[in-house]
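Text of target11.txt (compact mmCIF, C-alpha atoms) as supplied:
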```txt
# COMPACT_ATOMS: atom_id res chain seq x y z
CA MET A 558 -8.75 -12.20 7.43
CA ASP A 559 -12.03 -11.33 9.08
CA PHE A 560 -12.72 -8.16 11.01
CA ARG A 561 -14.24 -8.15 14.45
CA ASP A 562 -17.93 -7.47 13.82
CA GLN A 563 -18.27 -4.76 16.47
CA ALA A 564 -15.00 -2.97 15.74
CA ASP A 565 -15.64 0.74 15.25
CA LEU A 566 -14.37 2.05 11.93
CA ASP A 567 -13.12 5.61 11.42
CA ALA A 568 -14.09 6.39 7.84
CA SER A 569 -12.59 9.88 8.09
CA GLN A 570 -9.18 8.29 7.40
CA VAL A 571 -10.28 7.39 3.86
CA GLU A 572 -11.64 9.77 1.24
CA ASP A 573 -13.57 8.53 -1.77
CA ALA A 574 -12.87 11.00 -4.57
CA GLY A 575 -14.99 9.07 -7.06
CA GLY A 576 -14.13 9.48 -10.73
CA SER A 577 -13.82 13.24 -10.66
CA GLY A 578 -10.03 13.30 -10.62
CA GLY A 579 -10.14 15.22 -7.36
CA GLY A 580 -7.91 14.64 -4.39
CA GLY A 581 -5.18 16.27 -2.42
CA GLY A 582 -4.92 19.68 -4.01
CA GLY A 583 -3.09 21.03 -7.04
CA GLY A 584 -0.14 19.25 -8.56
CA PHE A 585 3.12 20.35 -10.15
CA PRO A 586 3.42 21.08 -13.87
CA GLY A 587 4.15 18.04 -15.98
CA GLY A 588 2.48 15.52 -13.68
CA MET A 589 5.75 14.46 -12.01
CA ILE A 590 5.26 12.92 -8.59
CA VAL A 591 7.65 14.85 -6.40
CA GLY A 592 8.04 15.62 -2.76
CA GLY A 593 10.41 16.29 0.07
CA GLY A 594 13.66 17.67 -1.29
CA GLY A 595 13.46 16.26 -4.78
CA ILE A 596 11.97 13.76 -7.18
CA VAL A 597 10.54 10.79 -5.33
CA SER A 598 8.22 9.33 -7.95
CA LEU A 599 9.86 5.96 -8.54
CA ILE A 600 10.89 5.67 -4.92
CA VAL A 601 7.41 5.81 -3.43
CA LEU A 602 5.53 3.64 -5.91
CA VAL A 603 4.74 0.08 -4.92
CA LEU A 604 5.08 -0.96 -8.56
CA VAL A 605 7.11 -0.02 -11.62
CA PHE A 606 4.21 0.80 -13.90
CA VAL A 607 5.80 4.11 -14.89
CA LEU A 608 9.32 2.75 -15.30
CA ASN A 609 8.46 -0.27 -17.40
CA ASN A 610 5.07 0.76 -18.81
CA VAL A 611 3.51 -2.46 -17.61
CA GLY A 612 -0.14 -2.49 -18.52
CA GLY A 613 0.10 0.43 -20.95
CA GLY A 614 -1.90 3.62 -20.65
CA ALA A 615 -4.94 4.03 -18.48
CA GLU A 616 -8.28 3.27 -20.01
CA PRO A 617 -10.76 6.15 -20.00
CA ALA A 618 -12.71 5.69 -16.80
CA GLN A 619 -16.41 6.27 -16.38
CA ARG A 620 -17.17 9.02 -13.91
CA ARG A 621 -18.06 7.44 -10.61
CA PRO A 622 -19.73 9.47 -7.87
CA PRO A 623 -17.93 9.38 -4.55
CA SER A 624 -19.31 7.11 -1.83
CA ASN A 625 -20.40 8.30 1.59
CA LEU A 626 -18.00 6.12 3.52
CA SER A 627 -19.03 7.48 6.91
CA GLU A 628 -22.52 6.04 6.37
CA GLN A 629 -21.44 2.81 4.67
CA CYS A 630 -18.43 1.88 6.80
CA GLN A 631 -19.19 1.93 10.50
CA THR A 632 -18.23 -1.47 11.89
CA GLY A 633 -15.99 -4.43 11.18
CA LYS A 634 -19.02 -6.27 9.81
CA ASP A 635 -19.23 -3.62 7.08
CA ALA A 636 -15.54 -4.17 6.34
CA ASP A 637 -16.18 -7.87 5.71
CA GLN A 638 -18.94 -7.07 3.23
CA SER A 639 -17.57 -4.15 1.20
CA GLU A 640 -14.21 -3.62 -0.51
CA ARG A 641 -14.19 0.10 0.27
CA CYS A 642 -15.04 -0.56 3.90
CA ARG A 643 -12.30 -3.20 4.01
CA VAL A 644 -9.84 -0.51 2.94
CA VAL A 645 -11.13 1.67 5.79
CA GLY A 646 -10.62 -1.17 8.27
CA VAL A 647 -7.11 -1.93 7.02
CA VAL A 648 -6.11 1.74 7.13
CA ASN A 649 -7.55 2.09 10.64
CA SER A 650 -5.58 -0.91 11.88
CA ILE A 651 -2.33 0.20 10.25
CA GLN A 652 -2.53 3.70 11.68
CA ASP A 653 -3.61 2.46 15.10
CA TYR A 654 -0.42 0.40 15.20
CA TRP A 655 1.93 3.11 13.97
CA LYS A 656 0.60 5.85 16.24
CA LYS A 657 1.72 3.67 19.17
CA GLU A 658 5.15 3.06 17.65
CA VAL A 659 6.08 6.47 16.23
CA SER A 660 6.21 9.46 18.55
CA GLY A 661 4.14 12.30 17.13
CA TYR A 662 2.62 10.10 14.43
CA ARG A 663 0.42 12.12 12.07
CA PRO A 664 -2.36 10.15 10.37
CA ALA A 665 -2.26 10.00 6.57
CA LYS A 666 -5.49 9.86 4.63
CA THR A 667 -6.01 7.30 1.86
CA VAL A 668 -7.71 8.69 -1.25
CA LEU A 669 -9.73 6.29 -3.38
CA TYR A 670 -10.09 7.43 -6.97
CA SER A 671 -11.01 6.14 -10.39
CA GLY A 672 -9.02 6.81 -13.57
CA GLN A 673 -6.99 9.87 -12.62
CA VAL A 674 -6.28 12.08 -9.67
CA ARG A 675 -4.58 15.37 -8.77
CA THR A 676 -2.22 15.15 -5.83
CA GLY A 677 0.25 17.30 -3.94
CA CYS A 678 2.93 15.56 -6.02
CA GLY A 679 1.35 16.09 -9.43
CA SER A 680 -1.21 14.30 -11.55
CA ALA A 681 -1.45 10.52 -11.70
CA THR A 682 -3.57 7.87 -13.40
CA SER A 683 -4.59 4.38 -12.39
CA SER A 684 -1.72 2.99 -14.50
CA THR A 685 0.68 4.44 -11.94
CA GLY A 686 -0.42 1.92 -9.35
CA PRO A 687 -0.91 2.68 -5.64
CA PHE A 688 1.47 5.34 -4.33
CA TYR A 689 2.28 7.58 -1.41
CA CYS A 690 2.73 11.31 -2.01
CA PRO A 691 5.17 12.92 0.44
CA GLY A 692 4.00 16.37 -0.69
CA ASP A 693 0.54 16.03 0.83
CA GLN A 694 1.23 12.92 2.94
CA ARG A 695 -1.58 10.87 1.45
CA VAL A 696 -1.88 7.39 -0.01
CA TYR A 697 -3.60 7.15 -3.40
CA LEU A 698 -5.36 4.01 -4.57
CA ASP A 699 -7.49 3.08 -7.56
CA LEU A 700 -9.26 -0.12 -6.50
CA SER A 701 -9.05 -1.46 -10.05
CA PHE A 702 -5.38 -2.11 -9.29
CA PHE A 703 -6.32 -5.16 -7.24
CA ASP A 704 -7.81 -6.74 -10.35
CA GLN A 705 -4.62 -5.88 -12.26
CA LEU A 706 -2.52 -7.44 -9.52
CA HIS A 707 -4.13 -10.74 -10.46
CA SER A 708 -4.72 -10.36 -14.20
CA GLN A 709 -1.48 -8.58 -15.20
CA PHE A 710 0.99 -9.50 -12.47
CA GLY A 711 -0.13 -13.07 -11.89
CA ALA A 712 -0.69 -12.71 -8.15
CA LYS A 713 -3.33 -14.88 -6.53
CA GLY A 714 -4.86 -11.80 -4.94
CA GLY A 715 -7.13 -11.92 -1.93
CA PRO A 716 -7.93 -9.59 0.99
CA PHE A 717 -4.54 -9.91 2.61
CA ALA A 718 -2.72 -9.19 -0.64
CA GLN A 719 -4.69 -5.95 -0.69
CA ALA A 720 -3.78 -5.24 2.92
CA TYR A 721 -0.09 -5.79 2.11
CA VAL A 722 -0.22 -3.21 -0.68
CA ILE A 723 -1.83 -0.62 1.61
CA ALA A 724 0.53 -1.41 4.49
CA HIS A 725 3.51 -0.97 2.16
CA GLU A 726 2.37 2.53 1.22
CA TYR A 727 1.89 3.46 4.87
CA GLY A 728 5.40 2.21 5.41
CA HIS A 729 6.45 5.11 3.19
CA HIS A 730 4.46 7.49 5.37
CA VAL A 731 6.35 6.23 8.42
CA GLN A 732 9.60 6.77 6.50
CA LYS A 733 8.52 10.32 5.70
CA LEU A 734 7.81 11.06 9.37
CA LEU A 735 11.15 9.56 10.41
CA GLY A 736 13.12 11.39 7.70
CA ALA A 737 14.06 8.17 5.93
CA LEU A 738 12.71 8.97 2.44
CA ASP A 739 15.61 11.20 1.44
CA GLY A 740 19.13 10.08 0.82
CA GLY A 741 18.78 6.30 0.63
CA SER A 742 18.70 4.08 -2.42
CA SER A 743 15.26 3.44 -3.84
CA VAL A 744 15.62 -0.33 -3.39
CA ALA A 745 16.52 0.05 0.29
CA VAL A 746 13.57 2.39 0.83
CA GLU A 747 11.14 0.00 -0.85
CA LEU A 748 12.39 -3.06 1.00
CA GLN A 749 12.11 -1.24 4.30
CA ALA A 750 8.47 -0.39 3.44
CA ASP A 751 7.87 -4.10 2.73
CA CYS A 752 9.43 -4.93 6.08
CA TYR A 753 7.22 -2.36 7.82
CA ALA A 754 4.20 -4.00 6.18
CA GLY A 755 5.28 -7.30 7.71
CA VAL A 756 5.72 -5.70 11.13
CA TRP A 757 2.16 -4.34 11.02
CA ALA A 758 0.84 -7.75 9.94
CA ARG A 759 2.52 -9.40 12.93
CA ASN A 760 0.91 -6.89 15.32
CA ALA A 761 -2.41 -6.24 13.57
CA TYR A 762 -4.50 -8.42 15.88
CA GLU A 763 -3.45 -6.29 18.84
CA THR A 764 -5.07 -3.23 17.24
CA GLY A 765 -8.49 -4.75 17.94
CA PHE A 766 -9.85 -4.63 14.41
CA TYR A 767 -9.50 -8.34 13.57
CA ASP A 768 -11.28 -11.28 15.16
CA GLN A 769 -8.16 -13.46 15.23
CA PRO A 770 -4.44 -13.32 14.32
CA PHE A 771 -3.70 -13.73 10.65
CA THR A 772 -3.39 -17.29 9.38
CA ALA A 773 -0.64 -18.86 7.30
CA LYS A 774 -3.02 -18.64 4.32
CA ASP A 775 -3.41 -14.88 4.86
CA VAL A 776 0.34 -14.37 5.02
CA SER A 777 0.84 -16.47 1.89
CA GLU A 778 -1.35 -14.01 -0.04
CA ALA A 779 0.96 -11.17 0.96
CA LEU A 780 4.11 -13.13 0.09
CA ASP A 781 2.64 -14.06 -3.28
CA ALA A 782 1.80 -10.42 -4.02
CA ALA A 783 5.28 -9.27 -2.94
CA ALA A 784 6.87 -11.80 -5.28
CA ALA A 785 4.57 -10.83 -8.15
CA VAL A 786 5.72 -7.19 -8.11
CA GLY A 787 9.46 -7.85 -7.85
CA ASP A 788 11.61 -5.93 -10.32
CA ASP A 789 12.98 -9.09 -11.91
CA ARG A 790 9.53 -10.45 -12.71
CA ASN A 791 8.30 -7.09 -13.97
CA GLN A 792 11.32 -6.65 -16.23
CA GLN A 793 11.09 -10.20 -17.56
CA ARG A 794 7.41 -9.67 -18.28
CA SER A 795 7.78 -6.29 -19.96
CA THR A 796 11.15 -6.48 -21.76
CA GLY A 797 12.16 -10.15 -21.72
CA ARG A 798 15.41 -9.38 -19.90
CA ILE A 799 16.49 -8.68 -16.32
CA ASP A 800 18.81 -5.79 -15.42
CA PRO A 801 19.58 -5.74 -11.68
CA GLU A 802 21.39 -2.42 -12.07
CA SER A 803 18.08 -0.74 -12.89
CA PHE A 804 16.08 -2.24 -10.02
CA THR A 805 14.02 0.31 -8.07
CA HIS A 806 12.08 -1.90 -5.68
CA GLY A 807 14.07 -5.10 -5.31
CA SER A 808 13.78 -8.59 -6.72
CA SER A 809 10.89 -10.91 -5.91
CA GLU A 810 13.09 -12.79 -3.45
CA GLN A 811 14.21 -9.59 -1.74
CA ARG A 812 10.66 -8.32 -1.37
CA VAL A 813 9.43 -11.62 0.05
CA ASN A 814 12.37 -11.75 2.46
CA ALA A 815 11.77 -8.17 3.60
CA PHE A 816 8.11 -8.81 4.40
CA GLN A 817 8.96 -12.08 6.14
CA ARG A 818 11.64 -10.39 8.22
CA GLY A 819 9.16 -7.81 9.48
CA TYR A 820 6.51 -10.43 10.14
CA GLU A 821 8.79 -12.86 11.92
CA LYS A 822 10.71 -10.28 13.97
CA GLY A 823 7.72 -8.05 14.66
CA ALA A 824 9.49 -4.77 15.53
CA PRO A 825 10.18 -1.67 13.41
CA THR A 826 13.80 -1.64 14.57
CA ASP A 827 14.29 -4.93 12.73
CA CYS A 828 13.66 -3.06 9.46
CA ALA A 829 16.59 -0.67 9.79
CA GLY A 830 18.70 -0.02 6.70
CA ALA A 831 19.98 -2.90 4.62
CA ASP A 832 18.83 -5.33 7.29
CA ALA A 833 15.30 -4.97 5.91
CA ALA A 834 16.26 -7.22 3.02
CA GLY A 835 16.85 -10.13 5.38
```

Represent the structure from my file as structure tokens, please.
Amino acid sequence: MDFRDQADLDASQVEDAGGSGGGGGGGFPGGMIVGGGGIVSLIVLVLVFVLNNVGGGAEPAQRRPPSNLSEQCQTGKDADQSERCRVVGVVNSIQDYWKKEVSGYRPAKTVLYSGQVRTGCGSATSSTGPFYCPGDQRVYLDLSFFDQLHSQFGAKGGPFAQAYVIAHEYGHHVQKLLGALDGGSSVAVELQADCYAGVWARNAYETGFYDQPFTAKDVSEALDAAAAVGDDRNQQRSTGRIDPESFTHGSSEQRVNAFQRGYEKGAPTDCAGADAAG
């Protein structure tokens, strides 16, 4: 998963909030992630950290000054050499694809933070995992999550596993723009976001940011990550039992199938409704 060396990066799509806890404006009392017409917290999270308390509370984070991404992340070569610049490149590619597919697409900024952050949906900590806030239409990401994906969830990790996580969250942004976040079951919403991530992956080379189409090895990293964060595995890990009635994101098999469906079919229309599960 290498970027094209001369690809121009748009660092304005990613904000590095450092360790200050800053971000997209004031939150709601009580720290509940809400948005749209009601509570969306467990619907828009890529993981079930909050539901199952996987990983426990957040460790106190050292204050980290924000990075000047516009100076550090200018080309695809920078994206191959820096994790933060890689996030910029992934976000650029994802949004380049969706602006061509969704009429009136409005870009969503990704906010990188450390420890805790204030959002338009309330306050959150790194233990929440990556999430999309419909209230301010931003994606929030503590990069330490990618280490947790390997150490706590057992995923192999890798650059494309990271890209899958980000693409999933932007899938929620597409759902917000299309009015698909309200009214559906949380599992259906999450599986559709996984499917959208697969659709982007199939078409990412055409955005001009990568030097070649993704390989089978790249895709395997995404499938491994999708399986690692399935509800059944998370429940087995945290409680020792599996309760399908309480699933919020779908089983490992469902999540893998949803991503594969998007990747193999390659069109957003193939992710409609229950069909996203494959």

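The closest residue to Gly741 in chain A, picked from A:Gln793, A:Asp565, A:Arg695, A:Ala829 and counting all atoms listed in the file, is A:Ala829.
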
Using Å and a single decimal, report how far CA of Gly797 in chain A sits from CA of His725 in chain A. 27.0 Å

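Look at Val722 in chain A: the protein and nucleic acid residues within 9 Å of it, using all atoms listed in the file and passing over chain neighbours fewer than 6 places away, are Val603, Pro687, Asp751, Ala754, Ala779, Ala782 and Ala783 of chain A.
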
Identify, on the basis of all atoms listed in the file, every residue whose closest approach to Thr772 in chain A does not exceed 9 Å; exclude the query and any residue fewer than 4 positions from it along the same chain; express the result as a PDB file with C-alpha atoms, keeping the file's coordinate frame.
```
ATOM      1  CA  MET A 558      -8.750 -12.200   7.430  1.00  0.00           C
ATOM      2  CA  VAL A 776       0.340 -14.370   5.020  1.00  0.00           C
ATOM      3  CA  SER A 777       0.840 -16.470   1.890  1.00  0.00           C
TER       4      SER A 777
END
```

Ranking A:Ser650, A:Ser684, A:Gln769, A:Thr676 by minimum distance to Arg561 in chain A and counting all atoms listed in the file, which one comes first? A:Gln769

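For the choices A:Ala737, A:Val744, A:Ala824, A:Cys642, the atom-to-atom distance to Pro801 in chain A is smallest for A:Val744 when using all atoms listed in the file.
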
Could you check how far CA of Cys678 in chain A sits from CA of Gly692 in chain A, in Å to one decimal? 5.5 Å

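Our summary of the geometry notes that CA of Tyr820 in chain A is positioned 10.7 Å from CA of Phe771 in chain A.
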
Taking (13.4, -8.7, 10.5) as a centre in this file's frame and 12 Å as the limit, can you find every polymer residue with an atom that close, using all atoms listed in the file, and give them as an MDAnalysis selection string? chainID A and resid 748:756 759 813:835

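Using only C-alpha atoms, the nearest neighbour of Ala758 in chain A within the list A:Val647, A:Gln694, A:Glu658, A:Gln673 is A:Val647.
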
For Glu778 in chain A, which residue out of A:Ser795, A:Gln719, A:Thr685, A:Thr805 is the nearest one, using all atoms listed in the file? A:Gln719

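Proximity to Lys774 in chain A was assessed for A:Lys657, A:His707, A:Lys713, A:Arg663 counting only C-alpha atoms; the smallest distance is recorded for A:Lys713.
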